[in-house]
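Chemist: Sending over target.txt (compact mmCIF, C-alpha atoms and all ligand atoms).
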# COMPACT_ATOMS: atom_id res chain seq x y z
CA MET A 2 -18.68 0.18 0.09
CA GLU A 3 -17.26 -2.65 2.14
CA LEU A 4 -13.77 -2.92 3.66
CA SER A 5 -12.10 -6.28 4.24
CA THR A 6 -8.76 -7.77 5.24
CA ASP A 7 -9.58 -11.20 3.80
CA PRO A 8 -6.74 -12.03 1.35
CA ASP A 9 -8.86 -14.69 -0.34
CA ARG A 10 -11.27 -12.03 -1.61
CA LEU A 11 -8.59 -10.02 -3.41
CA ASP A 12 -8.71 -9.67 -7.18
CA ILE A 13 -5.12 -10.65 -8.00
CA ASP A 14 -5.43 -9.64 -11.66
CA LEU A 15 -6.64 -6.18 -10.68
CA ASN A 16 -3.81 -5.76 -8.18
CA HIS A 17 -1.26 -6.99 -10.66
CA ASP A 18 -2.58 -4.79 -13.49
CA PHE A 19 -2.46 -1.70 -11.31
CA LEU A 20 0.90 -2.35 -9.67
CA ALA A 21 2.65 -3.42 -12.89
CA SER A 22 1.89 -0.01 -14.37
CA SER A 23 2.46 2.01 -11.17
CA TYR A 24 5.44 4.36 -10.78
CA TRP A 25 6.79 2.39 -7.80
CA ALA A 26 6.44 -1.26 -8.89
CA HIS A 27 6.54 -0.91 -12.64
CA GLY A 28 6.73 -4.28 -14.36
CA ILE A 29 6.20 -6.33 -11.19
CA PRO A 30 5.55 -9.99 -12.07
CA ARG A 31 2.20 -11.50 -11.04
CA GLU A 32 3.95 -14.17 -8.97
CA VAL A 33 5.70 -11.45 -6.92
CA VAL A 34 2.35 -9.71 -6.34
CA VAL A 35 0.94 -13.01 -5.03
CA ARG A 36 3.87 -13.47 -2.64
CA SER A 37 3.68 -9.84 -1.51
CA ILE A 38 0.04 -10.39 -0.54
CA GLU A 39 0.84 -13.60 1.31
CA GLY A 40 3.48 -11.84 3.40
CA ALA A 41 1.43 -8.81 4.41
CA LEU A 42 -1.74 -7.65 6.12
CA CYS A 43 -3.91 -6.56 3.19
CA PHE A 44 -6.79 -4.11 3.19
CA ALA A 45 -9.24 -3.70 0.33
CA ALA A 46 -12.50 -1.94 -0.46
CA TYR A 47 -15.28 -3.54 -2.47
CA ASP A 48 -18.12 -1.89 -4.37
CA GLU A 49 -20.90 -4.41 -5.04
CA GLY A 50 -18.35 -7.18 -4.58
CA ARG A 51 -15.81 -5.69 -6.97
CA GLN A 52 -12.44 -4.68 -5.51
CA VAL A 53 -11.86 -0.94 -5.95
CA ALA A 54 -9.05 -0.12 -3.52
CA PHE A 55 -6.04 -1.72 -1.88
CA ALA A 56 -3.36 -1.16 0.72
CA ARG A 57 -1.02 -3.52 2.47
CA VAL A 58 1.08 -3.35 5.61
CA ILE A 59 4.28 -5.38 5.81
CA SER A 60 4.71 -5.91 9.52
CA ASP A 61 5.77 -8.13 12.41
CA ARG A 62 2.41 -6.98 13.89
CA ALA A 63 4.30 -5.92 17.01
CA THR A 64 6.85 -3.14 16.48
CA PHE A 65 7.15 -2.02 12.85
CA GLY A 66 4.94 -1.57 9.83
CA TYR A 67 5.64 -0.52 6.27
CA LEU A 68 2.64 0.79 4.35
CA SER A 69 2.79 -0.03 0.67
CA ASP A 70 0.88 -0.42 -2.61
CA VAL A 71 -1.92 1.97 -1.72
CA PHE A 72 -4.33 2.62 -4.58
CA VAL A 73 -7.94 3.44 -5.37
CA ALA A 74 -9.45 2.60 -8.76
CA GLU A 75 -9.63 5.72 -10.94
CA SER A 76 -13.42 5.46 -11.08
CA HIS A 77 -13.60 5.75 -7.28
CA ARG A 78 -11.01 8.43 -6.51
CA GLY A 79 -11.68 11.75 -4.83
CA ARG A 80 -14.58 10.44 -2.73
CA GLY A 81 -12.82 9.72 0.55
CA LEU A 82 -12.14 6.05 -0.11
CA GLY A 83 -8.38 6.43 0.33
CA ARG A 84 -9.04 8.11 3.66
CA ARG A 85 -11.43 5.33 4.76
CA LEU A 86 -8.87 2.71 3.83
CA MET A 87 -6.24 4.57 5.85
CA GLU A 88 -8.58 4.72 8.84
CA ALA A 89 -8.93 0.93 8.67
CA VAL A 90 -5.16 0.50 8.43
CA MET A 91 -4.34 2.83 11.30
CA THR A 92 -6.95 1.36 13.67
CA HIS A 93 -6.33 -2.33 12.98
CA PRO A 94 -5.95 -4.17 16.32
CA ASP A 95 -2.79 -6.03 15.21
CA LEU A 96 -1.01 -2.75 14.50
CA ARG A 97 -1.68 -0.86 17.74
CA THR A 98 1.77 -1.35 19.30
CA LEU A 99 3.96 -0.38 16.35
CA ARG A 100 6.91 1.78 17.38
CA ARG A 101 7.52 2.91 13.82
CA TRP A 102 5.40 3.23 10.69
CA HIS A 103 7.09 3.93 7.42
CA LEU A 104 6.00 4.72 3.88
CA VAL A 105 7.40 6.24 0.71
CA THR A 106 5.31 8.43 -1.57
CA ARG A 107 5.99 10.67 -4.54
CA ASP A 108 2.96 12.94 -4.23
CA ALA A 109 0.25 11.58 -1.90
CA HIS A 110 1.56 13.18 1.32
CA GLY A 111 -1.83 14.87 1.74
CA LEU A 112 -3.49 11.49 2.18
CA TYR A 113 -1.16 10.32 4.94
CA ARG A 114 -0.46 13.55 6.86
CA PRO A 115 -3.78 13.59 8.76
CA PHE A 116 -2.88 10.15 10.15
CA GLY A 117 0.34 11.47 11.69
CA PHE A 118 2.88 10.70 8.97
CA LEU A 119 5.66 13.30 8.83
CA PRO A 120 8.87 13.74 6.81
CA LEU A 121 11.85 11.90 8.34
CA ALA A 122 12.90 13.72 11.50
CA ARG A 123 16.49 12.52 11.19
CA PRO A 124 17.08 11.45 7.61
CA GLU A 125 20.78 11.02 8.37
CA TRP A 126 19.91 8.11 10.69
CA HIS A 127 18.21 6.19 7.89
CA MET A 128 19.86 3.97 5.31
CA GLU A 129 18.34 2.08 2.41
CA ILE A 130 18.98 -0.25 -0.46
CA THR A 131 16.69 0.25 -3.45
CA HIS A 132 16.40 -1.58 -6.74
CA PRO A 133 13.90 0.58 -8.63
CA ASP A 134 14.47 -1.20 -11.94
CA ILE A 135 14.58 -4.75 -10.57
CA TYR A 136 11.60 -6.07 -12.54
CA ILE A 137 12.66 -4.42 -15.77
CA ALA A 138 16.31 -5.44 -15.37
CA SER A 139 15.29 -9.06 -14.76
CA GLY A 140 13.28 -9.04 -17.97
CA ALA A 141 10.14 -10.12 -16.12
CA HIS A 142 8.02 -7.24 -17.49
CA GLY A 143 5.02 -7.94 -15.33
CA GLU A 144 4.22 -11.44 -16.46
C1 LIG B 201 -3.61 8.46 -3.67
C2 LIG B 201 -4.97 7.77 -3.76
C3 LIG B 201 -4.88 6.40 -3.11
C4 LIG B 201 -5.98 8.62 -2.98
O1 LIG B 201 -7.23 7.94 -2.97
P1 LIG B 201 -8.60 8.77 -2.96
O2 LIG B 201 -9.70 7.84 -2.63
O3 LIG B 201 -8.73 9.55 -4.22
O4 LIG B 201 -8.33 9.77 -1.74
P2 LIG B 201 -9.44 10.51 -0.86
O5 LIG B 201 -10.59 10.94 -1.71
O6 LIG B 201 -9.75 9.68 0.33
O7 LIG B 201 -8.63 11.79 -0.40
C5 LIG B 201 -8.14 11.91 0.91
C6 LIG B 201 -7.20 13.07 1.00
O8 LIG B 201 -5.97 12.75 0.39
C7 LIG B 201 -5.59 13.80 -0.46
N1 LIG B 201 -4.90 13.22 -1.60
C8 LIG B 201 -5.30 12.20 -2.32
N2 LIG B 201 -4.40 11.95 -3.30
C9 LIG B 201 -3.44 12.82 -3.18
C10 LIG B 201 -2.27 13.05 -3.89
N3 LIG B 201 -1.90 12.28 -4.91
N4 LIG B 201 -1.51 14.05 -3.50
C11 LIG B 201 -1.88 14.82 -2.46
N5 LIG B 201 -2.98 14.63 -1.73
C12 LIG B 201 -3.76 13.64 -2.10
C13 LIG B 201 -6.88 14.44 -0.90
O9 LIG B 201 -6.64 15.77 -1.28
C14 LIG B 201 -7.74 14.33 0.32
O10 LIG B 201 -7.52 15.37 1.20
P3 LIG B 201 -8.60 16.55 1.37
O11 LIG B 201 -9.90 15.88 1.64
O12 LIG B 201 -8.06 17.33 2.51
O13 LIG B 201 -8.59 17.26 0.07
C15 LIG B 201 -5.46 7.67 -5.22
O14 LIG B 201 -5.43 8.95 -5.81
C16 LIG B 201 -4.63 6.74 -6.08
O15 LIG B 201 -4.88 5.55 -6.12
N6 LIG B 201 -3.62 7.29 -6.79
C17 LIG B 201 -2.79 6.48 -7.68
C18 LIG B 201 -1.90 5.54 -6.90
C19 LIG B 201 -1.05 6.27 -5.89
O16 LIG B 201 -0.42 7.26 -6.20
N7 LIG B 201 -1.05 5.72 -4.66
C20 LIG B 201 -0.29 6.27 -3.57
C21 LIG B 201 1.07 5.70 -3.56
S1 LIG B 201 1.98 6.31 -2.13
Kindly transcribe the structure held in the file into structure tokens.
Modeler:
Amino acid sequence: MELSTDPDRLDIDLNHDFLASSYWAHGIPREVVVRSIEGALCFAAYDEGRQVAFARVISDRATFGYLSDVFVAESHRGRGLGRRLMEAVMTHPDLRTLRRWHLVTRDAHGLYRPFGFLPLARPEWHMEITHPDIYIASGAHGE
């Protein structure tokens, strides 16, 4: 298994297929996936040249990083690949000085906890705007 941060190696169709049916980016258009990759530091794992895992960090590469779109292909889950991907993310030289990391997860807390991620210490200090149905509402439906 090989890990890489080269965006040119990514399988855009695979990323789009997975994300468009995920619980957090349901219906995301392919063009938005392409732009999301362009604007982030992307990590992927390859098995015999085929992409089997993905994660991206949206960051200024100085103070803040948002970890997003983490997935491992079903065929490769439960074998430590998610953990290996997270090790690569958390040790990347461009991300060493971040003052804050952030992520949102429905049920994968067990993957992130060993890397130091904790529930919000002061949730009352945080504010957000979310548009969970944005792709559906726009009628894009993952095209
Ligand atoms: C979550 C996901 C990336 C984990 O990848 P993986 O390669 O199967 O994970 P690993 O084998 O490296 O497991 C690492 C640890 O994370 C834990 N973990 C993995 N998925 C978990 C989940 N959904 N909930 C809780 N813990 C989880 C494992 O139990 C394991 O800990 P352990 O060794 O102490 O048991 C993978 O299941 C996946 O792609 N799920 C669908 C997409 C998704 O939900 N992504 C996360 C969005 S925040």
Chemist: Using only C-alpha atoms and all ligand atoms, which protein or nucleic acid residues are at most 10 Å from ligand LIG 201 (chain B), as a VMD selection string?
Modeler: chain A and resid 19 to 20 23 to 25 53 to 56 68 to 88 104 to 115
Chemist: Which value, in Å to one decimal, gives the distance between CA of Thr64 in chain A and CA of Arg100 in chain A?
Modeler: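 Rounded to one decimal, the two atoms are 5.0 Å apart.
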Chemist: When you draw a straight line from CA of Ser37 in chain A to CA of Glu125 in chain A, how long is it in Å?
Modeler: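 If I compute the distance from CA of Ser37 in chain A to CA of Glu125 in chain A, I get 28.7 Å.
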Chemist: What's the 12 Å shell around Asp7 in chain A, counting only C-alpha atoms, without same-chain residues fewer than 4 positions away, as a list of chain:residue names?
Modeler: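 Selected residues are A:Glu3, A:Leu11, A:Asp12, A:Ile38, A:Glu39, A:Ala41, A:Leu42, A:Cys43, A:Phe44, A:Ala45, A:Ala46, A:Tyr47, A:Gln52, A:Phe55, A:Arg57.
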Chemist: Using all atoms listed in the file, pick whichever of A:Asp61, A:Arg10, A:Ser5, A:Arg36 has the shortest atom-to-atom distance to Val90 in chain A.
Modeler: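 With all atoms listed in the file as the atom set, the closest residue is A:Ser5.
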Chemist: So, with all atoms listed in the file as the atoms that count, which of A:Ala122, A:Ile130, A:Arg62, A:Val34 lies closest to Ala21 in chain A?
Modeler: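 Using all atoms listed in the file, the shortest distance to Ala21 in chain A belongs to A:Val34.
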Chemist: Work out how far CA of Ala63 in chain A is from CA of Thr92 in chain A, in Å to one decimal.
Modeler: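 Atom-to-atom, CA of Thr92 in chain A and CA of Ala63 in chain A are spaced 13.8 Å apart.
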Chemist: With only C-alpha atoms as the basis for distance, which of A:Val58, A:Ile135, A:His103, A:Phe118 is at the shortest distance from Ala89 in chain A?
Modeler: A:Val58
Chemist: Tell me which of A:Thr131, A:His93, A:Asp48, A:Pro124 sits closest to Met2 in chain A, counting all atoms listed in the file.
Modeler: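 Of A:Thr131, A:His93, A:Asp48, A:Pro124, the one nearest Met2 in chain A, counting all atoms listed in the file, is A:Asp48.
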Chemist: Using only the atoms of range 70-79 of chain A listed in the file, plus 4 Å on each side, state the axis-aligned box centre and edge lengths in Å rounded to one decimal, as AutoDock Vina command-line options.
Modeler:
--center_x -6.4 --center_y 5.7 --center_z -6.4 --size_x 22.5 --size_y 20.2 --size_z 17.4
Chemist: Go through A:Pro133, A:Gly40, A:Phe65, A:Val33 and flag the residue nearest Leu96 in chain A, using only C-alpha atoms for the distances.
Modeler: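 Using only C-alpha atoms, Leu96 in chain A sits closest to A:Phe65.
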Chemist: Could you write range 34-53 of chain A as an mmCIF file, in the coordinates of the input, with N, CA, C and O atoms rebuilt where they are missing?
Modeler:
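After the write, part12.cif holds the following:
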data_model
loop_
_atom_site.group_PDB
_atom_site.id
_atom_site.type_symbol
_atom_site.label_atom_id
_atom_site.label_comp_id
_atom_site.auth_asym_id
_atom_site.auth_seq_id
_atom_site.Cartn_x
_atom_site.Cartn_y
_atom_site.Cartn_z
ATOM 1 N N VAL A 34 3.538 -10.315 -6.964
ATOM 2 C CA VAL A 34 2.350 -9.710 -6.340
ATOM 3 C C VAL A 34 1.690 -10.727 -5.402
ATOM 4 O O VAL A 34 1.337 -10.405 -4.267
ATOM 5 N N VAL A 35 1.563 -11.964 -5.855
ATOM 6 C CA VAL A 35 0.940 -13.010 -5.030
ATOM 7 C C VAL A 35 1.731 -13.202 -3.735
ATOM 8 O O VAL A 35 1.162 -13.232 -2.633
ATOM 9 N N ARG A 36 3.055 -13.277 -3.844
ATOM 10 C CA ARG A 36 3.870 -13.470 -2.640
ATOM 11 C C ARG A 36 3.817 -12.262 -1.715
ATOM 12 O O ARG A 36 3.841 -12.384 -0.494
ATOM 13 N N SER A 37 3.732 -11.062 -2.324
ATOM 14 C CA SER A 37 3.680 -9.840 -1.510
ATOM 15 C C SER A 37 2.396 -9.788 -0.689
ATOM 16 O O SER A 37 2.376 -9.265 0.430
ATOM 17 N N ILE A 38 1.339 -10.335 -1.241
ATOM 18 C CA ILE A 38 0.040 -10.390 -0.540
ATOM 19 C C ILE A 38 0.113 -11.420 0.588
ATOM 20 O O ILE A 38 -0.350 -11.186 1.706
ATOM 21 N N GLU A 39 0.734 -12.543 0.299
ATOM 22 C CA GLU A 39 0.840 -13.600 1.310
ATOM 23 C C GLU A 39 1.626 -13.134 2.540
ATOM 24 O O GLU A 39 1.353 -13.554 3.654
ATOM 25 N N GLY A 40 2.604 -12.245 2.311
ATOM 26 C CA GLY A 40 3.480 -11.840 3.400
ATOM 27 C C GLY A 40 3.055 -10.550 4.088
ATOM 28 O O GLY A 40 3.840 -9.953 4.820
ATOM 29 N N ALA A 41 1.830 -10.113 3.861
ATOM 30 C CA ALA A 41 1.430 -8.810 4.410
ATOM 31 C C ALA A 41 -0.001 -8.866 4.944
ATOM 32 O O ALA A 41 -0.749 -9.811 4.674
ATOM 33 N N LEU A 42 -0.353 -7.840 5.695
ATOM 34 C CA LEU A 42 -1.740 -7.650 6.120
ATOM 35 C C LEU A 42 -2.385 -6.734 5.071
ATOM 36 O O LEU A 42 -1.963 -5.586 4.897
ATOM 37 N N CYS A 43 -3.350 -7.280 4.345
ATOM 38 C CA CYS A 43 -3.910 -6.560 3.190
ATOM 39 C C CYS A 43 -5.279 -5.987 3.517
ATOM 40 O O CYS A 43 -6.103 -6.644 4.159
ATOM 41 N N PHE A 44 -5.508 -4.792 3.032
ATOM 42 C CA PHE A 44 -6.790 -4.110 3.190
ATOM 43 C C PHE A 44 -7.341 -3.824 1.806
ATOM 44 O O PHE A 44 -6.591 -3.423 0.913
ATOM 45 N N ALA A 45 -8.649 -4.020 1.630
ATOM 46 C CA ALA A 45 -9.240 -3.700 0.330
ATOM 47 C C ALA A 45 -10.657 -3.207 0.528
ATOM 48 O O ALA A 45 -11.314 -3.511 1.527
ATOM 49 N N ALA A 46 -11.106 -2.419 -0.453
ATOM 50 C CA ALA A 46 -12.500 -1.940 -0.460
ATOM 51 C C ALA A 46 -13.211 -2.558 -1.642
ATOM 52 O O ALA A 46 -12.615 -2.742 -2.719
ATOM 53 N N TYR A 47 -14.481 -2.882 -1.440
ATOM 54 C CA TYR A 47 -15.280 -3.540 -2.470
ATOM 55 C C TYR A 47 -16.568 -2.741 -2.712
ATOM 56 O O TYR A 47 -17.235 -2.319 -1.758
ATOM 57 N N ASP A 48 -16.881 -2.543 -3.974
ATOM 58 C CA ASP A 48 -18.120 -1.890 -4.370
ATOM 59 C C ASP A 48 -18.961 -2.936 -5.103
ATOM 60 O O ASP A 48 -18.562 -3.395 -6.180
ATOM 61 N N GLU A 49 -20.060 -3.331 -4.496
ATOM 62 C CA GLU A 49 -20.900 -4.410 -5.040
ATOM 63 C C GLU A 49 -20.060 -5.643 -5.369
ATOM 64 O O GLU A 49 -20.200 -6.241 -6.441
ATOM 65 N N GLY A 50 -19.151 -5.971 -4.455
ATOM 66 C CA GLY A 50 -18.350 -7.180 -4.580
ATOM 67 C C GLY A 50 -17.101 -7.042 -5.435
ATOM 68 O O GLY A 50 -16.275 -7.945 -5.476
ATOM 69 N N ARG A 51 -16.964 -5.903 -6.090
ATOM 70 C CA ARG A 51 -15.810 -5.690 -6.970
ATOM 71 C C ARG A 51 -14.744 -4.896 -6.215
ATOM 72 O O ARG A 51 -15.060 -3.835 -5.644
ATOM 73 N N GLN A 52 -13.500 -5.395 -6.221
ATOM 74 C CA GLN A 52 -12.440 -4.680 -5.510
ATOM 75 C C GLN A 52 -12.137 -3.349 -6.192
ATOM 76 O O GLN A 52 -11.920 -3.293 -7.403
ATOM 77 N N VAL A 53 -12.106 -2.277 -5.378
ATOM 78 C CA VAL A 53 -11.860 -0.940 -5.950
ATOM 79 C C VAL A 53 -10.737 -0.194 -5.240
ATOM 80 O O VAL A 53 -10.423 0.936 -5.626
#
